[in-house]
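One file, start05.cif, is given below (mmCIF, N, CA, C and O atoms).
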data_my_file
loop_
_atom_site.label_atom_id
_atom_site.label_comp_id
_atom_site.auth_asym_id
_atom_site.auth_seq_id
_atom_site.Cartn_x
_atom_site.Cartn_y
_atom_site.Cartn_z
N MET D 21 0.00 -21.15 -3.12
CA MET D 21 -0.23 -22.20 -2.16
C MET D 21 -0.03 -23.55 -2.85
O MET D 21 -0.60 -23.81 -3.90
N ALA D 22 0.75 -24.40 -2.27
CA ALA D 22 1.01 -25.72 -2.83
C ALA D 22 -0.20 -26.63 -2.63
O ALA D 22 -0.89 -26.55 -1.63
N GLN D 23 -0.44 -27.47 -3.60
CA GLN D 23 -1.54 -28.41 -3.52
C GLN D 23 -1.16 -29.57 -2.61
O GLN D 23 -0.07 -30.12 -2.71
N LEU D 24 -2.04 -29.93 -1.71
CA LEU D 24 -1.81 -31.01 -0.77
C LEU D 24 -2.40 -32.31 -1.27
O LEU D 24 -3.20 -32.33 -2.19
N ASP D 25 -2.00 -33.39 -0.64
CA ASP D 25 -2.59 -34.69 -0.94
C ASP D 25 -4.02 -34.74 -0.43
O ASP D 25 -4.41 -33.99 0.48
N TRP D 26 -4.81 -35.62 -0.99
CA TRP D 26 -6.17 -35.83 -0.53
C TRP D 26 -6.14 -36.36 0.90
O TRP D 26 -5.33 -37.21 1.24
N GLN D 27 -7.05 -35.86 1.73
CA GLN D 27 -7.16 -36.30 3.11
C GLN D 27 -8.57 -36.79 3.35
O GLN D 27 -9.54 -36.26 2.81
N LYS D 28 -8.69 -37.82 4.18
CA LYS D 28 -10.01 -38.31 4.56
C LYS D 28 -10.13 -38.25 6.07
O LYS D 28 -9.14 -38.18 6.79
N SER D 29 -11.34 -38.31 6.54
CA SER D 29 -11.59 -38.26 7.96
C SER D 29 -10.99 -39.46 8.67
O SER D 29 -11.01 -40.58 8.16
N SER D 30 -10.48 -39.24 9.86
CA SER D 30 -9.96 -40.35 10.66
C SER D 30 -11.08 -41.28 11.09
O SER D 30 -10.85 -42.43 11.46
N PHE D 31 -12.33 -40.82 11.03
CA PHE D 31 -13.48 -41.65 11.36
C PHE D 31 -13.78 -42.68 10.28
O PHE D 31 -14.55 -43.60 10.49
N SER D 32 -13.18 -42.52 9.10
CA SER D 32 -13.44 -43.44 7.99
C SER D 32 -12.78 -44.79 8.18
O SER D 32 -13.16 -45.75 7.54
N GLY D 33 -11.76 -44.86 9.01
CA GLY D 33 -11.05 -46.12 9.22
C GLY D 33 -10.42 -46.61 7.93
O GLY D 33 -9.89 -45.82 7.15
N ASP D 34 -10.48 -47.90 7.69
CA ASP D 34 -9.89 -48.48 6.50
C ASP D 34 -10.86 -48.54 5.32
O ASP D 34 -10.49 -48.97 4.23
N ASP D 35 -12.10 -48.12 5.54
CA ASP D 35 -13.08 -48.13 4.45
C ASP D 35 -12.66 -47.17 3.35
O ASP D 35 -12.12 -46.10 3.61
N SER D 36 -12.93 -47.55 2.12
CA SER D 36 -12.58 -46.67 1.01
C SER D 36 -13.73 -45.71 0.67
O SER D 36 -13.54 -44.80 -0.11
N ASN D 37 -14.90 -45.92 1.23
CA ASN D 37 -16.05 -45.05 0.99
C ASN D 37 -16.00 -43.85 1.92
O ASN D 37 -16.34 -43.95 3.09
N CYS D 38 -15.56 -42.71 1.41
CA CYS D 38 -15.50 -41.52 2.25
C CYS D 38 -15.38 -40.29 1.35
O CYS D 38 -15.12 -40.39 0.16
N VAL D 39 -15.56 -39.14 1.96
CA VAL D 39 -15.33 -37.88 1.28
C VAL D 39 -13.90 -37.46 1.57
O VAL D 39 -13.45 -37.50 2.71
N GLU D 40 -13.18 -37.08 0.53
CA GLU D 40 -11.80 -36.64 0.68
C GLU D 40 -11.72 -35.14 0.40
O GLU D 40 -12.47 -34.61 -0.40
N VAL D 41 -10.78 -34.47 1.08
CA VAL D 41 -10.65 -33.02 1.00
C VAL D 41 -9.19 -32.66 0.77
O VAL D 41 -8.29 -33.33 1.28
N ARG D 42 -8.97 -31.59 0.00
CA ARG D 42 -7.63 -31.02 -0.12
C ARG D 42 -7.74 -29.54 -0.45
O ARG D 42 -8.79 -29.06 -0.89
N ILE D 43 -6.65 -28.84 -0.23
CA ILE D 43 -6.56 -27.41 -0.55
C ILE D 43 -5.69 -27.28 -1.79
O ILE D 43 -4.63 -27.87 -1.87
N GLY D 44 -6.14 -26.49 -2.75
CA GLY D 44 -5.36 -26.27 -3.96
C GLY D 44 -5.73 -24.95 -4.60
O GLY D 44 -6.91 -24.65 -4.76
N ALA D 45 -4.75 -24.14 -4.94
CA ALA D 45 -4.96 -22.86 -5.65
C ALA D 45 -5.96 -21.96 -4.94
O ALA D 45 -6.80 -21.33 -5.57
N GLY D 46 -5.93 -21.96 -3.60
CA GLY D 46 -6.82 -21.10 -2.83
C GLY D 46 -8.24 -21.61 -2.72
O GLY D 46 -9.11 -20.90 -2.23
N LEU D 47 -8.49 -22.81 -3.19
CA LEU D 47 -9.82 -23.41 -3.13
C LEU D 47 -9.78 -24.68 -2.29
O LEU D 47 -8.75 -25.33 -2.17
N VAL D 48 -10.92 -25.03 -1.75
CA VAL D 48 -11.09 -26.32 -1.09
C VAL D 48 -11.71 -27.25 -2.12
O VAL D 48 -12.67 -26.88 -2.80
N GLU D 49 -11.14 -28.43 -2.27
CA GLU D 49 -11.64 -29.41 -3.22
C GLU D 49 -12.14 -30.63 -2.46
O GLU D 49 -11.51 -31.08 -1.50
N LEU D 50 -13.29 -31.15 -2.87
CA LEU D 50 -13.89 -32.32 -2.25
C LEU D 50 -14.20 -33.35 -3.33
O LEU D 50 -14.58 -32.99 -4.45
N ARG D 51 -14.07 -34.62 -2.97
CA ARG D 51 -14.45 -35.69 -3.89
C ARG D 51 -14.87 -36.90 -3.08
O ARG D 51 -14.50 -37.08 -1.92
N GLU D 52 -15.65 -37.76 -3.70
CA GLU D 52 -16.03 -39.05 -3.12
C GLU D 52 -14.93 -40.03 -3.48
O GLU D 52 -14.50 -40.10 -4.64
N SER D 53 -14.45 -40.77 -2.52
CA SER D 53 -13.29 -41.64 -2.75
C SER D 53 -13.52 -42.68 -3.84
O SER D 53 -12.59 -43.05 -4.55
N ASP D 54 -14.75 -43.14 -4.00
CA ASP D 54 -15.00 -44.17 -5.03
C ASP D 54 -15.34 -43.57 -6.39
O ASP D 54 -15.63 -44.31 -7.33
N ASP D 55 -15.32 -42.24 -6.52
CA ASP D 55 -15.55 -41.57 -7.80
C ASP D 55 -14.62 -40.36 -7.88
O ASP D 55 -15.07 -39.22 -7.91
N GLY D 56 -13.32 -40.61 -7.89
CA GLY D 56 -12.32 -39.57 -7.77
C GLY D 56 -12.22 -38.59 -8.92
O GLY D 56 -11.54 -37.57 -8.81
N ASP D 57 -12.88 -38.87 -10.03
CA ASP D 57 -12.82 -37.95 -11.17
C ASP D 57 -13.78 -36.77 -11.04
O ASP D 57 -13.64 -35.78 -11.75
N VAL D 58 -14.75 -36.87 -10.13
CA VAL D 58 -15.71 -35.79 -9.91
C VAL D 58 -15.24 -34.99 -8.70
O VAL D 58 -15.20 -35.51 -7.58
N ILE D 59 -14.88 -33.73 -8.91
CA ILE D 59 -14.33 -32.90 -7.85
C ILE D 59 -15.16 -31.62 -7.72
O ILE D 59 -15.41 -30.93 -8.69
N LEU D 60 -15.57 -31.34 -6.49
CA LEU D 60 -16.30 -30.11 -6.17
C LEU D 60 -15.30 -29.09 -5.66
O LEU D 60 -14.45 -29.40 -4.81
N HIS D 61 -15.37 -27.87 -6.17
CA HIS D 61 -14.47 -26.79 -5.77
C HIS D 61 -15.29 -25.73 -5.04
O HIS D 61 -16.37 -25.36 -5.52
N THR D 62 -14.77 -25.22 -3.92
CA THR D 62 -15.43 -24.15 -3.20
C THR D 62 -14.38 -23.28 -2.52
O THR D 62 -13.21 -23.67 -2.42
N ASP D 63 -14.78 -22.12 -2.05
CA ASP D 63 -13.82 -21.27 -1.36
C ASP D 63 -13.77 -21.64 0.13
O ASP D 63 -14.71 -22.24 0.66
N PRO D 64 -12.67 -21.33 0.80
CA PRO D 64 -12.51 -21.72 2.20
C PRO D 64 -13.61 -21.22 3.13
O PRO D 64 -14.03 -21.93 4.05
N ALA D 65 -14.12 -20.02 2.90
CA ALA D 65 -15.18 -19.48 3.76
C ALA D 65 -16.47 -20.29 3.64
O ALA D 65 -17.13 -20.59 4.64
N ALA D 66 -16.83 -20.67 2.43
CA ALA D 66 -18.04 -21.47 2.22
C ALA D 66 -17.88 -22.85 2.84
O ALA D 66 -18.81 -23.39 3.44
N PHE D 67 -16.69 -23.43 2.74
CA PHE D 67 -16.43 -24.74 3.32
C PHE D 67 -16.50 -24.65 4.85
O PHE D 67 -17.07 -25.52 5.50
N ALA D 68 -15.94 -23.59 5.42
CA ALA D 68 -16.00 -23.39 6.87
C ALA D 68 -17.45 -23.25 7.33
O ALA D 68 -17.84 -23.81 8.37
N ASP D 69 -18.28 -22.55 6.56
CA ASP D 69 -19.71 -22.42 6.89
C ASP D 69 -20.40 -23.77 6.83
O ASP D 69 -21.23 -24.09 7.69
N LEU D 70 -20.08 -24.58 5.83
CA LEU D 70 -20.67 -25.92 5.72
C LEU D 70 -20.29 -26.76 6.94
O LEU D 70 -21.16 -27.40 7.54
N LEU D 71 -19.02 -26.78 7.30
CA LEU D 71 -18.59 -27.56 8.46
C LEU D 71 -19.28 -27.10 9.73
O LEU D 71 -19.71 -27.91 10.55
N SER D 72 -19.40 -25.80 9.91
CA SER D 72 -20.08 -25.25 11.08
C SER D 72 -21.53 -25.69 11.13
O SER D 72 -22.04 -26.09 12.18
N THR D 73 -22.19 -25.64 9.99
CA THR D 73 -23.60 -26.04 9.91
C THR D 73 -23.76 -27.53 10.24
O THR D 73 -24.66 -27.93 10.97
N ILE D 74 -22.86 -28.35 9.73
CA ILE D 74 -22.90 -29.79 10.01
C ILE D 74 -22.68 -30.06 11.48
O ILE D 74 -23.41 -30.83 12.12
N LYS D 75 -21.68 -29.41 12.06
CA LYS D 75 -21.33 -29.64 13.47
C LYS D 75 -22.44 -29.21 14.43
O LYS D 75 -22.60 -29.80 15.49
N THR D 76 -23.22 -28.21 14.06
CA THR D 76 -24.31 -27.76 14.92
C THR D 76 -25.56 -28.62 14.78
O THR D 76 -26.52 -28.44 15.52
N GLY D 77 -25.57 -29.54 13.82
CA GLY D 77 -26.69 -30.45 13.64
C GLY D 77 -27.85 -29.88 12.83
O GLY D 77 -28.92 -30.48 12.78
N LYS D 78 -27.63 -28.74 12.21
CA LYS D 78 -28.72 -28.10 11.46
C LYS D 78 -29.18 -28.87 10.24
O LYS D 78 -30.22 -28.58 9.68
N LEU D 79 -28.39 -29.86 9.82
CA LEU D 79 -28.77 -30.66 8.65
C LEU D 79 -29.22 -32.06 9.02
O LEU D 79 -29.51 -32.87 8.15
N ASP D 80 -29.29 -32.36 10.30
CA ASP D 80 -29.62 -33.71 10.76
C ASP D 80 -31.00 -34.17 10.30
O ASP D 80 -31.22 -35.36 10.11
N HIS D 81 -31.91 -33.25 10.10
CA HIS D 81 -33.26 -33.63 9.69
C HIS D 81 -33.29 -34.16 8.25
O HIS D 81 -34.29 -34.73 7.81
N HIS D 82 -32.20 -34.00 7.51
CA HIS D 82 -32.13 -34.51 6.13
C HIS D 82 -31.65 -35.95 6.08
O HIS D 82 -31.68 -36.57 5.02
N ALA D 83 -31.18 -36.47 7.20
CA ALA D 83 -30.63 -37.83 7.23
C ALA D 83 -31.70 -38.88 7.10
O ALA D 83 -32.83 -38.71 7.38
#

Could you spell out this file's structure in structure tokens?
Amino acid sequence: MAQLDWQKSSFSGDDSNCVEVRIGAGLVELRESDDGDVILHTDPAAFADLLSTIKTGKLDHHA
């Protein structure tokens, strides 16, 4: 699988403060745009579970 460019949410607008995501070597990679040297690696299933949990609001009480 070819590595893609970093992508950010369309909700971020022109702000540089955002979480960026890309797919590389079968893993999902995440980084904070203002600290690009720190990269979190996870598998696609775990990332899909995280997105599902966020979308259902199960983590809203942590805000």

Problem set entry | alpha helix (DSSP H) call set, DSSP backbone run, stretch 38-79 of chain D, as JSON, numbers by chain | {"D": [64, 65, 66, 67, 68, 69, 70, 71, 72, 73, 74, 75]}

Taking the file as shown, what set of residues would the PyMOL selection byres (((chain D and resi 60-70 and name CA) around 6) and name CA) give back, as a PDB file with N, CA, C and O atoms, in the frame of the given file?
ATOM      1  N   LEU D  47      -8.490 -22.810  -3.190  1.00  0.00           N
ATOM      2  CA  LEU D  47      -9.820 -23.410  -3.130  1.00  0.00           C
ATOM      3  C   LEU D  47      -9.780 -24.680  -2.290  1.00  0.00           C
ATOM      4  O   LEU D  47      -8.750 -25.330  -2.170  1.00  0.00           O
ATOM      5  N   VAL D  48     -10.920 -25.030  -1.750  1.00  0.00           N
ATOM      6  CA  VAL D  48     -11.090 -26.320  -1.090  1.00  0.00           C
ATOM      7  C   VAL D  48     -11.710 -27.250  -2.120  1.00  0.00           C
ATOM      8  O   VAL D  48     -12.670 -26.880  -2.800  1.00  0.00           O
ATOM      9  N   GLU D  49     -11.140 -28.430  -2.270  1.00  0.00           N
ATOM     10  CA  GLU D  49     -11.640 -29.410  -3.220  1.00  0.00           C
ATOM     11  C   GLU D  49     -12.140 -30.630  -2.460  1.00  0.00           C
ATOM     12  O   GLU D  49     -11.510 -31.080  -1.500  1.00  0.00           O
ATOM     13  N   LEU D  50     -13.290 -31.150  -2.870  1.00  0.00           N
ATOM     14  CA  LEU D  50     -13.890 -32.320  -2.250  1.00  0.00           C
ATOM     15  C   LEU D  50     -14.200 -33.350  -3.330  1.00  0.00           C
ATOM     16  O   LEU D  50     -14.580 -32.990  -4.450  1.00  0.00           O
ATOM     17  N   ILE D  59     -14.880 -33.730  -8.910  1.00  0.00           N
ATOM     18  CA  ILE D  59     -14.330 -32.900  -7.850  1.00  0.00           C
ATOM     19  C   ILE D  59     -15.160 -31.620  -7.720  1.00  0.00           C
ATOM     20  O   ILE D  59     -15.410 -30.930  -8.690  1.00  0.00           O
ATOM     21  N   LEU D  71     -19.020 -26.780   7.300  1.00  0.00           N
ATOM     22  CA  LEU D  71     -18.590 -27.560   8.460  1.00  0.00           C
ATOM     23  C   LEU D  71     -19.280 -27.100   9.730  1.00  0.00           C
ATOM     24  O   LEU D  71     -19.710 -27.910  10.550  1.00  0.00           O
ATOM     25  N   SER D  72     -19.400 -25.800   9.910  1.00  0.00           N
ATOM     26  CA  SER D  72     -20.080 -25.250  11.080  1.00  0.00           C
ATOM     27  C   SER D  72     -21.530 -25.690  11.130  1.00  0.00           C
ATOM     28  O   SER D  72     -22.040 -26.090  12.180  1.00  0.00           O
ATOM     29  N   THR D  73     -22.190 -25.640   9.990  1.00  0.00           N
ATOM     30  CA  THR D  73     -23.600 -26.040   9.910  1.00  0.00           C
ATOM     31  C   THR D  73     -23.760 -27.530  10.240  1.00  0.00           C
ATOM     32  O   THR D  73     -24.660 -27.930  10.970  1.00  0.00           O
TER      33      THR D  73
END

For this session: Find the spatial neighbours of D:Asp25, counting all atoms listed in the file, within a cut-off of 8 Å - ignore same-chain residues fewer than 6 positions away - and output them as a ChimeraX atom specification.
Result: /D:40-43,49

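Distance-wise, atom O of D:Ser53 and atom O of D:Trp26 end up 11.0 Å apart.
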
Taking all atoms of stretch 43-62 of chain D that the file lists and extending 8 Å past them on each side, where is the centre of the axis-aligned box and how long are its edges? Answer in Å to one decimal, as lines of an AutoDock Vina configuration file.
center_x = -10.5
center_y = -32.6
center_z = -6.0
size_x = 27.7
size_y = 39.4
size_z = 27.5

Exercise. What is the atom CA of D:Asn37-atom CA of D:Leu79 distance in Å, reported with one decimal?
Worked result: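 Taking atom CA of D:Asn37 and atom CA of D:Leu79, their separation equals 20.7 Å.
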
For this session: Choose the residue, out of D:His81, D:Leu24, D:Gly56, D:Ser29, that has the smallest atom-to-atom separation from D:Gly44; count only C-alpha atoms.
Result: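 Of D:His81, D:Leu24, D:Gly56, D:Ser29, the one nearest D:Gly44, counting only C-alpha atoms, is D:Leu24.
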
Problem set entry | Computed interatomic separation between atom CA of D:Lys28 and atom CA of D:Val58 (Å) |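 A separation of 15.8 Å between them.
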
Exercise. What residues in chain D get the DSSP label strand (DSSP E)? Please answer as a PyMOL selection string.
Worked result: chain D and resi 27-28+39-44+47-52+55-62
